[in-house]
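Undergrad: Next comes input-v4.tsv, TSV, N, CA and C atoms and all ligand atoms:
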```tsv
chain	number	residue	atom	x	y	z
O	1	MET	N	2.65	-32.87	-8.63
O	1	MET	CA	2.29	-32.66	-7.23
O	1	MET	C	0.98	-33.37	-6.95
O	2	LYS	N	0.89	-33.98	-5.77
O	2	LYS	CA	-0.32	-34.72	-5.40
O	2	LYS	C	-1.07	-34.00	-4.28
O	3	CYS	N	-2.40	-33.99	-4.42
O	3	CYS	CA	-3.25	-33.37	-3.40
O	3	CYS	C	-3.17	-34.20	-2.12
O	4	ALA	N	-2.97	-33.53	-0.98
O	4	ALA	CA	-2.84	-34.24	0.29
O	4	ALA	C	-4.18	-34.81	0.74
O	5	LYS	N	-5.29	-34.22	0.22
O	5	LYS	CA	-6.62	-34.63	0.66
O	5	LYS	C	-7.17	-35.78	-0.18
O	6	CYS	N	-7.16	-35.63	-1.53
O	6	CYS	CA	-7.78	-36.64	-2.38
O	6	CYS	C	-6.76	-37.48	-3.15
O	7	GLY	N	-5.51	-37.08	-3.17
O	7	GLY	CA	-4.48	-37.88	-3.81
O	7	GLY	C	-4.35	-37.68	-5.32
O	8	GLN	N	-5.23	-36.85	-5.91
O	8	GLN	CA	-5.14	-36.57	-7.33
O	8	GLN	C	-3.94	-35.66	-7.61
O	9	SER	N	-3.37	-35.81	-8.81
O	9	SER	CA	-2.27	-34.93	-9.19
O	9	SER	C	-2.84	-33.56	-9.56
O	10	TYR	N	-2.12	-32.52	-9.16
O	10	TYR	CA	-2.53	-31.18	-9.59
O	10	TYR	C	-1.35	-30.48	-10.24
O	11	LYS	N	-1.70	-29.48	-11.04
O	11	LYS	CA	-0.68	-28.74	-11.76
O	11	LYS	C	0.20	-27.99	-10.77
O	12	SER	N	1.53	-28.12	-10.94
O	12	SER	CA	2.46	-27.43	-10.06
O	12	SER	C	2.19	-25.92	-10.11
O	13	GLY	N	2.09	-25.32	-8.96
O	13	GLY	CA	1.82	-23.89	-8.91
O	13	GLY	C	0.37	-23.58	-8.56
O	14	SER	N	-0.51	-24.60	-8.64
O	14	SER	CA	-1.91	-24.38	-8.29
O	14	SER	C	-2.05	-24.18	-6.78
O	15	HIS	N	-2.92	-23.26	-6.41
O	15	HIS	CA	-3.14	-23.01	-4.99
O	15	HIS	C	-4.30	-23.86	-4.44
O	16	PHE	N	-5.14	-24.35	-5.37
O	16	PHE	CA	-6.24	-25.22	-4.94
O	16	PHE	C	-6.30	-26.45	-5.84
O	17	CYS	N	-6.72	-27.59	-5.26
O	17	CYS	CA	-6.87	-28.82	-6.03
O	17	CYS	C	-8.08	-28.69	-6.94
O	18	ALA	N	-7.91	-29.07	-8.23
O	18	ALA	CA	-8.99	-28.93	-9.20
O	18	ALA	C	-10.06	-29.99	-8.97
O	19	TYR	N	-9.75	-31.05	-8.23
O	19	TYR	CA	-10.69	-32.16	-8.03
O	19	TYR	C	-11.54	-31.98	-6.78
O	20	CYS	N	-10.91	-31.67	-5.66
O	20	CYS	CA	-11.68	-31.58	-4.42
O	20	CYS	C	-11.71	-30.17	-3.84
O	21	GLY	N	-10.93	-29.26	-4.42
O	21	GLY	CA	-10.97	-27.87	-3.98
O	21	GLY	C	-10.14	-27.58	-2.74
O	22	ALA	N	-9.43	-28.62	-2.23
O	22	ALA	CA	-8.61	-28.40	-1.04
O	22	ALA	C	-7.43	-27.49	-1.38
O	23	MET	N	-6.97	-26.75	-0.39
O	23	MET	CA	-5.81	-25.90	-0.61
O	23	MET	C	-4.57	-26.79	-0.71
O	24	THR	N	-3.75	-26.54	-1.71
O	24	THR	CA	-2.54	-27.34	-1.91
O	24	THR	C	-1.42	-26.82	-1.02
O	25	ALA	N	-0.34	-27.59	-0.94
O	25	ALA	CA	0.81	-27.17	-0.13
O	25	ALA	C	1.34	-25.83	-0.63
O	26	GLU	N	1.30	-25.66	-1.97
O	26	GLU	CA	1.76	-24.39	-2.53
O	26	GLU	C	0.85	-23.24	-2.15
O	27	GLY	N	-0.46	-23.55	-2.10
O	27	GLY	CA	-1.42	-22.54	-1.70
O	27	GLY	C	-1.19	-22.12	-0.26
O	28	GLU	N	-0.95	-23.12	0.61
O	28	GLU	CA	-0.70	-22.83	2.03
O	28	GLU	C	0.58	-22.04	2.21
O	29	LEU	N	1.58	-22.40	1.41
O	29	LEU	CA	2.85	-21.70	1.50
O	29	LEU	C	2.68	-20.25	1.08
O	30	SER	N	1.94	-20.05	0.00
O	30	SER	CA	1.71	-18.70	-0.50
O	30	SER	C	0.96	-17.86	0.53
O	31	LEU	N	-0.04	-18.49	1.17
O	31	LEU	CA	-0.82	-17.82	2.21
O	31	LEU	C	0.08	-17.46	3.40
O	32	ALA	N	0.95	-18.43	3.78
O	32	ALA	CA	1.85	-18.21	4.90
O	32	ALA	C	2.84	-17.10	4.58
O	33	LEU	N	3.30	-17.06	3.33
O	33	LEU	CA	4.23	-16.01	2.92
O	33	LEU	C	3.57	-14.64	3.00
O	34	THR	N	2.29	-14.59	2.59
O	34	THR	CA	1.54	-13.34	2.66
O	34	THR	C	1.42	-12.88	4.11
O	35	ASP	N	1.08	-13.84	5.00
O	35	ASP	CA	0.97	-13.54	6.43
O	35	ASP	C	2.30	-13.06	6.97
O	36	PHE	N	3.36	-13.74	6.56
O	36	PHE	CA	4.69	-13.40	7.04
O	36	PHE	C	5.08	-11.99	6.58
O	37	ALA	N	4.81	-11.71	5.31
O	37	ALA	CA	5.13	-10.39	4.77
O	37	ALA	C	4.35	-9.32	5.53
O	38	LYS	N	3.07	-9.62	5.82
O	38	LYS	CA	2.22	-8.68	6.56
O	38	LYS	C	2.79	-8.43	7.95
O	39	ALA	N	3.21	-9.53	8.62
O	39	ALA	CA	3.74	-9.41	9.98
O	39	ALA	C	5.05	-8.63	9.97
O	40	THR	N	5.88	-8.86	8.95
O	40	THR	CA	7.15	-8.15	8.85
O	40	THR	C	6.90	-6.66	8.67
O	41	LYS	N	5.92	-6.35	7.79
O	41	LYS	CA	5.56	-4.97	7.53
O	41	LYS	C	5.05	-4.31	8.81
O	42	HIS	N	4.21	-5.06	9.52
O	42	HIS	CA	3.63	-4.59	10.77
O	42	HIS	C	4.74	-4.32	11.78
O	43	LEU	N	5.69	-5.27	11.86
O	43	LEU	CA	6.81	-5.14	12.80
O	43	LEU	C	7.63	-3.89	12.48
O	44	ALA	N	7.92	-3.69	11.18
O	44	ALA	CA	8.71	-2.54	10.76
O	44	ALA	C	7.99	-1.24	11.12
O	45	LYS	N	6.67	-1.21	10.88
O	45	LYS	CA	5.86	-0.03	11.16
O	45	LYS	C	5.85	0.26	12.66
O	46	GLU	N	5.64	-0.81	13.44
O	46	GLU	CA	5.59	-0.65	14.90
O	46	GLU	C	6.96	-0.28	15.46
O	47	THR	N	8.01	-0.82	14.82
O	47	THR	CA	9.36	-0.50	15.26
O	47	THR	C	9.63	1.00	15.11
O	48	ALA	N	9.08	1.57	14.05
O	48	ALA	CA	9.27	2.99	13.77
O	48	ALA	C	8.67	3.87	14.87
O	49	ARG	N	7.61	3.37	15.52
O	49	ARG	CA	6.99	4.19	16.57
O	49	ARG	C	7.02	3.44	17.92
O	50	ILE	N	8.17	2.79	18.14
O	50	ILE	CA	8.33	1.93	19.32
O	50	ILE	C	8.24	2.73	20.63
O	51	GLY	N	8.46	4.03	20.54
O	51	GLY	CA	8.35	4.88	21.72
O	51	GLY	C	6.97	4.81	22.34
O	52	LYS	N	5.95	4.62	21.49
O	52	LYS	CA	4.57	4.60	21.98
O	52	LYS	C	4.09	3.19	22.25
O	53	THR	N	4.60	2.24	21.47
O	53	THR	CA	4.10	0.86	21.58
O	53	THR	C	5.17	-0.06	22.12
O	54	SER	N	4.75	-0.96	22.97
O	54	SER	CA	5.69	-1.93	23.51
O	54	SER	C	5.94	-3.03	22.50
O	55	LEU	N	7.18	-3.45	22.41
O	55	LEU	CA	7.57	-4.50	21.46
O	55	LEU	C	6.86	-5.81	21.78
O	56	GLN	N	6.60	-6.05	23.07
O	56	GLN	CA	5.96	-7.30	23.49
O	56	GLN	C	4.58	-7.46	22.85
O	57	GLU	N	3.93	-6.33	22.56
O	57	GLU	CA	2.59	-6.40	21.99
O	57	GLU	C	2.58	-6.96	20.58
O	58	ILE	N	3.61	-6.66	19.81
O	58	ILE	CA	3.61	-7.08	18.41
O	58	ILE	C	4.38	-8.38	18.19
O	59	LYS	N	5.23	-8.72	19.14
O	59	LYS	CA	6.08	-9.91	18.99
O	59	LYS	C	5.26	-11.19	18.77
O	60	PRO	N	4.17	-11.43	19.53
O	60	PRO	CA	3.40	-12.67	19.31
O	60	PRO	C	2.88	-12.80	17.88
O	61	ASP	N	2.39	-11.70	17.30
O	61	ASP	CA	1.90	-11.71	15.91
O	61	ASP	C	2.99	-12.18	14.97
O	62	PHE	N	4.16	-11.62	15.19
O	62	PHE	CA	5.29	-11.93	14.34
O	62	PHE	C	5.71	-13.38	14.49
O	63	ASP	N	5.79	-13.83	15.73
O	63	ASP	CA	6.19	-15.22	15.99
O	63	ASP	C	5.19	-16.21	15.40
O	64	LYS	N	3.90	-15.85	15.50
O	64	LYS	CA	2.84	-16.71	14.98
O	64	LYS	C	2.98	-16.84	13.46
O	65	ALA	N	3.22	-15.73	12.80
O	65	ALA	CA	3.38	-15.74	11.35
O	65	ALA	C	4.59	-16.57	10.95
O	66	MET	N	5.65	-16.43	11.74
O	66	MET	CA	6.88	-17.18	11.46
O	66	MET	C	6.63	-18.68	11.61
O	67	GLN	N	5.86	-19.05	12.65
O	67	GLN	CA	5.53	-20.46	12.89
O	67	GLN	C	4.70	-21.02	11.74
O	68	THR	N	3.69	-20.23	11.31
O	68	THR	CA	2.83	-20.66	10.21
O	68	THR	C	3.66	-20.88	8.96
O	69	PHE	N	4.55	-19.94	8.72
O	69	PHE	CA	5.39	-20.05	7.54
O	69	PHE	C	6.28	-21.30	7.60
O	70	THR	N	6.90	-21.52	8.74
O	70	THR	CA	7.79	-22.67	8.89
O	70	THR	C	7.03	-23.97	8.71
O	71	LYS	N	5.80	-24.03	9.26
O	71	LYS	CA	4.97	-25.22	9.14
O	71	LYS	C	4.61	-25.48	7.68
O	72	ALA	N	4.18	-24.42	6.99
O	72	ALA	CA	3.81	-24.55	5.58
O	72	ALA	C	5.02	-24.95	4.74
O	73	ALA	N	6.17	-24.40	5.08
O	73	ALA	CA	7.40	-24.73	4.36
O	73	ALA	C	7.74	-26.20	4.54
O	74	ASP	N	7.53	-26.70	5.76
O	74	ASP	CA	7.78	-28.11	6.06
O	74	ASP	C	6.87	-29.00	5.22
O	75	GLN	N	5.58	-28.65	5.17
O	75	GLN	CA	4.61	-29.42	4.40
O	75	GLN	C	4.97	-29.40	2.93
O	76	PHE	N	5.37	-28.22	2.47
O	76	PHE	CA	5.72	-28.05	1.07
O	76	PHE	C	6.92	-28.92	0.72
O	77	SER	N	7.90	-28.95	1.60
O	77	SER	CA	9.11	-29.71	1.30
O	77	SER	C	8.85	-31.21	1.29
O	78	LEU	N	7.74	-31.65	1.95
O	78	LEU	CA	7.39	-33.08	1.94
O	78	LEU	C	6.94	-33.52	0.55
O	79	VAL	N	6.22	-32.64	-0.15
O	79	VAL	CA	5.66	-33.01	-1.44
O	79	VAL	C	6.47	-32.49	-2.63
O	80	ALA	N	7.35	-31.52	-2.37
O	80	ALA	CA	8.09	-30.89	-3.46
O	80	ALA	C	9.26	-31.75	-3.93
O	81	LYS	N	9.71	-31.47	-5.14
O	81	LYS	CA	10.89	-32.14	-5.68
O	81	LYS	C	12.14	-31.66	-4.94
O	82	PRO	N	13.20	-32.48	-4.94
O	82	PRO	CA	14.42	-32.10	-4.19
O	82	PRO	C	14.95	-30.71	-4.51
O	83	THR	N	14.89	-30.29	-5.78
O	83	THR	CA	15.41	-28.96	-6.14
O	83	THR	C	14.56	-27.88	-5.49
O	84	ALA	N	13.23	-28.07	-5.54
O	84	ALA	CA	12.32	-27.10	-4.92
O	84	ALA	C	12.53	-27.09	-3.42
O	85	ARG	N	12.80	-28.27	-2.87
O	85	ARG	CA	13.03	-28.41	-1.43
O	85	ARG	C	14.25	-27.59	-1.01
O	86	LYS	N	15.31	-27.69	-1.81
O	86	LYS	CA	16.54	-26.95	-1.52
O	86	LYS	C	16.28	-25.45	-1.52
O	87	ALA	N	15.53	-25.01	-2.53
O	87	ALA	CA	15.20	-23.59	-2.64
O	87	ALA	C	14.39	-23.14	-1.44
O	88	MET	N	13.47	-24.03	-0.99
O	88	MET	CA	12.61	-23.72	0.14
O	88	MET	C	13.43	-23.58	1.42
O	89	VAL	N	14.39	-24.49	1.60
O	89	VAL	CA	15.25	-24.45	2.79
O	89	VAL	C	16.03	-23.13	2.80
O	90	ALA	N	16.54	-22.75	1.63
O	90	ALA	CA	17.30	-21.50	1.52
O	90	ALA	C	16.40	-20.31	1.83
O	91	ALA	N	15.17	-20.33	1.30
O	91	ALA	CA	14.23	-19.23	1.53
O	91	ALA	C	13.87	-19.13	3.01
O	92	THR	N	13.65	-20.28	3.64
O	92	THR	CA	13.31	-20.30	5.06
O	92	THR	C	14.46	-19.72	5.88
O	93	ALA	N	15.68	-20.13	5.56
O	93	ALA	CA	16.86	-19.63	6.28
O	93	ALA	C	16.98	-18.12	6.11
O	94	ALA	N	16.75	-17.64	4.89
O	94	ALA	CA	16.84	-16.20	4.62
O	94	ALA	C	15.79	-15.44	5.41
O	95	LEU	N	14.56	-16.01	5.46
O	95	LEU	CA	13.48	-15.35	6.19
O	95	LEU	C	13.77	-15.32	7.69
O	96	GLN	N	14.37	-16.41	8.17
O	96	GLN	CA	14.69	-16.47	9.60
O	96	GLN	C	15.75	-15.42	9.95
O	97	LEU	N	16.72	-15.26	9.04
O	97	LEU	CA	17.75	-14.24	9.24
O	97	LEU	C	17.12	-12.85	9.25
O	98	ALA	N	16.19	-12.64	8.31
O	98	ALA	CA	15.50	-11.35	8.24
O	98	ALA	C	14.72	-11.09	9.51
O	99	ALA	N	14.06	-12.16	10.02
O	99	ALA	CA	13.27	-12.04	11.24
O	99	ALA	C	14.17	-11.69	12.43
O	100	GLN	N	15.33	-12.36	12.49
O	100	GLN	CA	16.28	-12.09	13.56
O	100	GLN	C	16.77	-10.65	13.50
O	101	ALA	N	17.09	-10.20	12.29
O	101	ALA	CA	17.57	-8.84	12.09
O	101	ALA	C	16.51	-7.83	12.53
O	102	ALA	N	15.25	-8.10	12.12
O	102	ALA	CA	14.15	-7.22	12.49
O	102	ALA	C	13.97	-7.19	14.00
O	103	ASN	N	14.07	-8.37	14.62
O	103	ASN	CA	13.91	-8.48	16.07
O	103	ASN	C	14.98	-7.70	16.81
O	104	SER	N	16.25	-7.88	16.38
O	104	SER	CA	17.33	-7.21	17.10
O	104	SER	C	17.30	-5.71	16.84
O	105	ALA	N	16.89	-5.32	15.63
O	105	ALA	CA	16.76	-3.89	15.33
O	105	ALA	C	15.70	-3.27	16.23
O	106	ALA	N	14.58	-3.98	16.36
O	106	ALA	CA	13.49	-3.51	17.20
O	106	ALA	C	13.94	-3.40	18.65
O	107	ALA	N	14.70	-4.39	19.10
O	107	ALA	CA	15.18	-4.40	20.48
O	107	ALA	C	16.15	-3.23	20.72
O	108	GLU	N	17.01	-2.97	19.74
O	108	GLU	CA	17.97	-1.87	19.86
O	108	GLU	C	17.24	-0.54	19.98
O	109	ILE	N	16.25	-0.35	19.10
O	109	ILE	CA	15.49	0.90	19.10
O	109	ILE	C	14.74	1.05	20.42
O	110	HIS	N	14.19	-0.07	20.88
O	110	HIS	CA	13.45	-0.08	22.13
O	110	HIS	C	14.37	0.35	23.29
O	111	LYS	N	15.58	-0.20	23.28
O	111	LYS	CA	16.58	0.10	24.31
O	111	LYS	C	16.95	1.58	24.26
O	112	ALA	N	17.19	2.06	23.01
O	112	ALA	CA	17.58	3.45	22.82
O	112	ALA	C	16.49	4.41	23.27
O	113	SER	N	15.22	4.06	22.99
O	113	SER	CA	14.12	4.95	23.35
O	113	SER	C	13.93	4.96	24.88
O	114	LYS	N	14.30	3.89	25.53
O	114	LYS	CA	14.19	3.82	27.00
O	114	LYS	C	15.25	4.68	27.66
O	115	GLY	N	16.44	4.70	27.02
O	115	GLY	CA	17.57	5.42	27.59
O	115	GLY	C	17.41	6.93	27.53
O	116	ARG	N	16.46	7.40	26.71
O	116	ARG	CA	16.28	8.83	26.54
O	116	ARG	C	15.72	9.52	27.77
I	201	ZN	ZN	-7.77	-32.86	-4.01
```
Output the structure of this file as structure tokens.

TA:
Amino acid sequence: MKCAKCGQSYKSGSHFCAYCGAMTAEGELSLALTDFAKATKHLAKETARIGKTSLQEIKPDFDKAMQTFTKAADQFSLVAKPTARKAMVAATAALQLAAQAANSAAAEIHKASKGR
């Protein structure tokens, strides 16, 4: 793997370049995954008490995390080997499905709580 900032090779799996200290694509991906996991957790928690909180309030956070993740995944796939790229595409698709499921579940609960 090559550092996008200084061009030096770094050990696969490193989150920071050993030469210039820049965050690697893997580091950004890991950070984005953490953000995404946090947003998903937040969404699930908020969904549980949707009666009190409007879904619109939490949706931007979730969408932002999803965007960050997709961007990092794109960057990662530029530098990653084809096999890693394939795995990344599959992971992104799975996460998008999970996000859709979470969104529709939240919408259903929101609808149900309104009907009460
Ligand atoms: Zn570097």

Undergrad: Please identify every polymer residue within 10 Å of ligand ZN 201 (chain I), using only C-alpha atoms and all ligand atoms, and present the set as a PyMOL selection string.

TA: chain O and resi 2-10+16-24

Undergrad: Take every atom of stretch 34-48 of chain O listed in the file, pad by 6 Å on each side, and give me the axis-aligned box centre and edge lengths in Å, one decimal, as lines of an AutoDock Vina configuration file.

TA:
```
center_x = 5.3
center_y = -5.4
center_z = 9.0
size_x = 20.7
size_y = 30.5
size_z = 24.9
```

Undergrad: Check the smallest atom-to-atom distance from each of O:Ala106, O:Met1, O:Ala91, O:Ala65 to O:Thr40 using only N, CA and C atoms, then report the winner.

TA: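 Result for the nearest residue to O:Thr40: O:Ala65.
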
Undergrad: Tell me which protein, DNA and RNA residues are within 10 Å of O:Ser30, counting only C-alpha atoms, leaving out same-chain ones fewer than 2 positions away, and put them as number ranges by chain.

TA: O: 13, 15, 24-28, 32-36, 69, 72-73

Undergrad: Identify which of the residues O:Glu108, O:Ser14, O:Thr92, O:Ala39 lies closest to O:Thr70, counting only N, CA and C atoms when measuring atom-to-atom distances.

TA: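 For O:Thr70, the nearest of the given residues is O:Thr92.
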
Undergrad: Between atom CA of O:Ala44 and atom CA of O:Val89, measure the distance and give it in Å to one decimal.

TA: 24.2 Å

Undergrad: Work out how far apart atom C of O:Lys111 and atom CA of O:Gln96 are and give it in Å to one decimal.

TA: 23.4 Å

Undergrad: Provide the atom CA of O:Asp63 to atom CA of O:Ser12 distance in Å, to one decimal place.

TA: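 So the answer is 29.0 Å.
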